[in-house]
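Data block below; observations after.
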Amino acid sequence: MSEQKLKIISRGYGIADRFEDGTIELNRHLDKYPELKRALIQHEVKHTNNPKLNKHDFIHDLSTQDQIRTWDMIRFMVRHPFSLVQFLPLYYTKERGLVKDKNLMVIYSFFLVIGVIAIYFGVRV
């Protein structure tokens with residue numbers, strides 16, 4: 001397996017993302033949270049550069065075993081509200097244009113289908 005070159009840059013929104021060009025973008029405020037930043041980098045490094053939806057990245061996001069502590073993440077999101085952009089399946093940036101998080105799209109679609117089915121059977125009764 002060839003070694004991948006990854007570039008880490010800071011931004012003012014979201015939490016952390018890895019893109020198909022090998023760039024990992026981290027919220028600049030993570031510098032104040034070194035343990036959380038380290039855990040997020042470890043998580044993002046394990047993703048692939050594949051721009052398409054793939055099983056490896058999807059399962060990695062659902063079953064991450066990195067040392068990301070939930071309370072640290074919640075504390076970070078409360079103190080830095082622009083980090084909530086991380087949970088949008090679509091957003092626009094000047095640098096990247098329209099950014100699509102395919103994993104979130106699948107997860108939100110699944111919840112939508114379950115909700116529609118629950119409403120259908122709830123109204124039907």
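Residues in the structure tokens are named by chain (A, B, ... in the order shown) and by number from 1 within that chain; ligands are numbered from 1 in the order shown.
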(request) Going by DSSP on the backbone, which bits of range 26-110 of chain A are alpha helix (DSSP H)? Write them as a PyMOL selection string, please. (result) chain A and resi 34-45+55-62+70-79+102-110
(request) From chain A, collect each residue whose DSSP state is strand (DSSP E) and return the set as a list in words. (result) Lys7, Ile8, Ile9, Ser10, Arg11, Ala16, Asp17, Arg18, Thr23, Ile24, Glu25, Leu26, Asn27, Leu90, Tyr91, Tyr92, Thr93, Gly97, Leu98, Val99 and Lys100 of chain A
Name all residues at most 9 Å from range 76-83 of chain A (count only C-alpha atoms; drop same-chain ones fewer than 4 positions away) and give them as a short mmCIF file (atom, residue, chain, number, x, y, z; two decimals) with C-alpha atoms, in the first residue's frame.
data_model
loop_
_atom_site.label_atom_id
_atom_site.label_comp_id
_atom_site.auth_asym_id
_atom_site.auth_seq_id
_atom_site.Cartn_x
_atom_site.Cartn_y
_atom_site.Cartn_z
CA GLY A 12 -13.62 28.40 11.03
CA TYR A 13 -16.60 26.04 10.75
CA GLY A 14 -17.47 22.38 11.17
CA ILE A 15 -15.30 20.04 13.17
CA ALA A 16 -13.19 17.85 10.87
CA ASN A 27 -11.80 23.72 12.95
CA HIS A 29 -10.58 26.29 17.58
CA LEU A 30 -9.49 22.67 18.06
CA TYR A 33 -8.55 21.12 22.71
CA LEU A 36 -9.89 16.13 20.90
CA TRP A 71 -18.36 15.21 26.46
CA ASP A 72 -15.31 16.88 24.91
CA PHE A 87 -24.04 17.83 10.70
#
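The interatomic distance for the pair CA of His56 in chain A and CA of Leu40 in chain A works out to 17.1 Å.
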(request) Quick one: everything within 12 Å of range 90-94 of chain A, counting only C-alpha atoms, minus sequence neighbours fewer than 2 positions away in the same chain. Send it as a list in words. (result) Arg11, Gly12, Tyr13, Gly14, Leu84, Val85, Gln86, Phe87, Leu88, Arg96, Gly97, Leu98, Val99, Lys100, Asp101, Lys102, Asn103, Leu104, Met105 and Tyr108 of chain A
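Shortest atom-to-atom contact with Asp21 in chain A among A:Pro34, A:Gly115, A:Pro89, A:Pro51: A:Pro51, counting only C-alpha atoms.
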Taking 5 positions as the minimum chain separation for residues in the same chain, which residues sit within 7 Å of Ser10 in chain A when counting only C-alpha atoms? Answer as a PDB file with N, CA and C atoms, in the first residue's frame.
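The resulting file, out-v1.pdb, is shown below:
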ATOM      1  N   GLU A  25      -9.432  18.971   6.844  1.00  0.00           N
ATOM      2  CA  GLU A  25      -9.743  20.307   7.333  1.00  0.00           C
ATOM      3  C   GLU A  25     -10.250  20.191   8.760  1.00  0.00           C
ATOM      4  N   LEU A  26      -9.633  20.985   9.653  1.00  0.00           N
ATOM      5  CA  LEU A  26     -10.006  20.982  11.068  1.00  0.00           C
ATOM      6  C   LEU A  26     -10.434  22.375  11.493  1.00  0.00           C
ATOM      7  N   ASN A  27     -11.391  22.438  12.387  1.00  0.00           N
ATOM      8  CA  ASN A  27     -11.800  23.716  12.948  1.00  0.00           C
ATOM      9  C   ASN A  27     -10.610  24.312  13.696  1.00  0.00           C
ATOM     10  N   ARG A  28     -10.330  25.582  13.437  1.00  0.00           N
ATOM     11  CA  ARG A  28      -9.152  26.218  14.045  1.00  0.00           C
ATOM     12  C   ARG A  28      -9.236  26.286  15.562  1.00  0.00           C
TER      13      ARG A  28
END
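CA of Ile41 in chain A sits 13.2 Å away from CA of Asp61 in chain A.
The shortest atom-to-atom distance to Lys32 in chain A, with only C-alpha atoms taken into account, belongs to A:Arg75 out of A:Arg75, A:Arg18, A:His60, A:Lys7.
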Find the residues around Asn50 in chain A up to 9 Å (only C-alpha atoms counted), leave out those fewer than 5 positions away in its own chain, and share them as a short mmCIF file (atom, residue, chain, number, x, y, z; two decimals) with N, CA and C atoms, in the first residue's frame.
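part-v9.cif was written with the following content:
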data_model
loop_
_atom_site.label_atom_id
_atom_site.label_comp_id
_atom_site.auth_asym_id
_atom_site.auth_seq_id
_atom_site.Cartn_x
_atom_site.Cartn_y
_atom_site.Cartn_z
N PHE A 19 -11.08 15.14 2.59
CA PHE A 19 -11.54 15.28 1.22
C PHE A 19 -10.73 14.40 0.29
N GLU A 20 -11.26 14.20 -0.93
CA GLU A 20 -10.64 13.27 -1.88
C GLU A 20 -9.25 13.67 -2.32
N ASP A 21 -8.87 14.94 -2.14
CA ASP A 21 -7.51 15.35 -2.51
C ASP A 21 -6.51 15.08 -1.39
N ASP A 57 -15.57 3.78 4.52
CA ASP A 57 -15.76 5.08 5.18
C ASP A 57 -17.08 5.12 5.96
#
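Across A:Asp31, A:Gly22, A:Ile107, A:Arg124, the tightest approach to Leu53 in chain A is made by A:Ile107 when counting only C-alpha atoms.
If you look at CA of Gln67 in chain A and CA of Lys52 in chain A, they are 26.3 Å away from each other.
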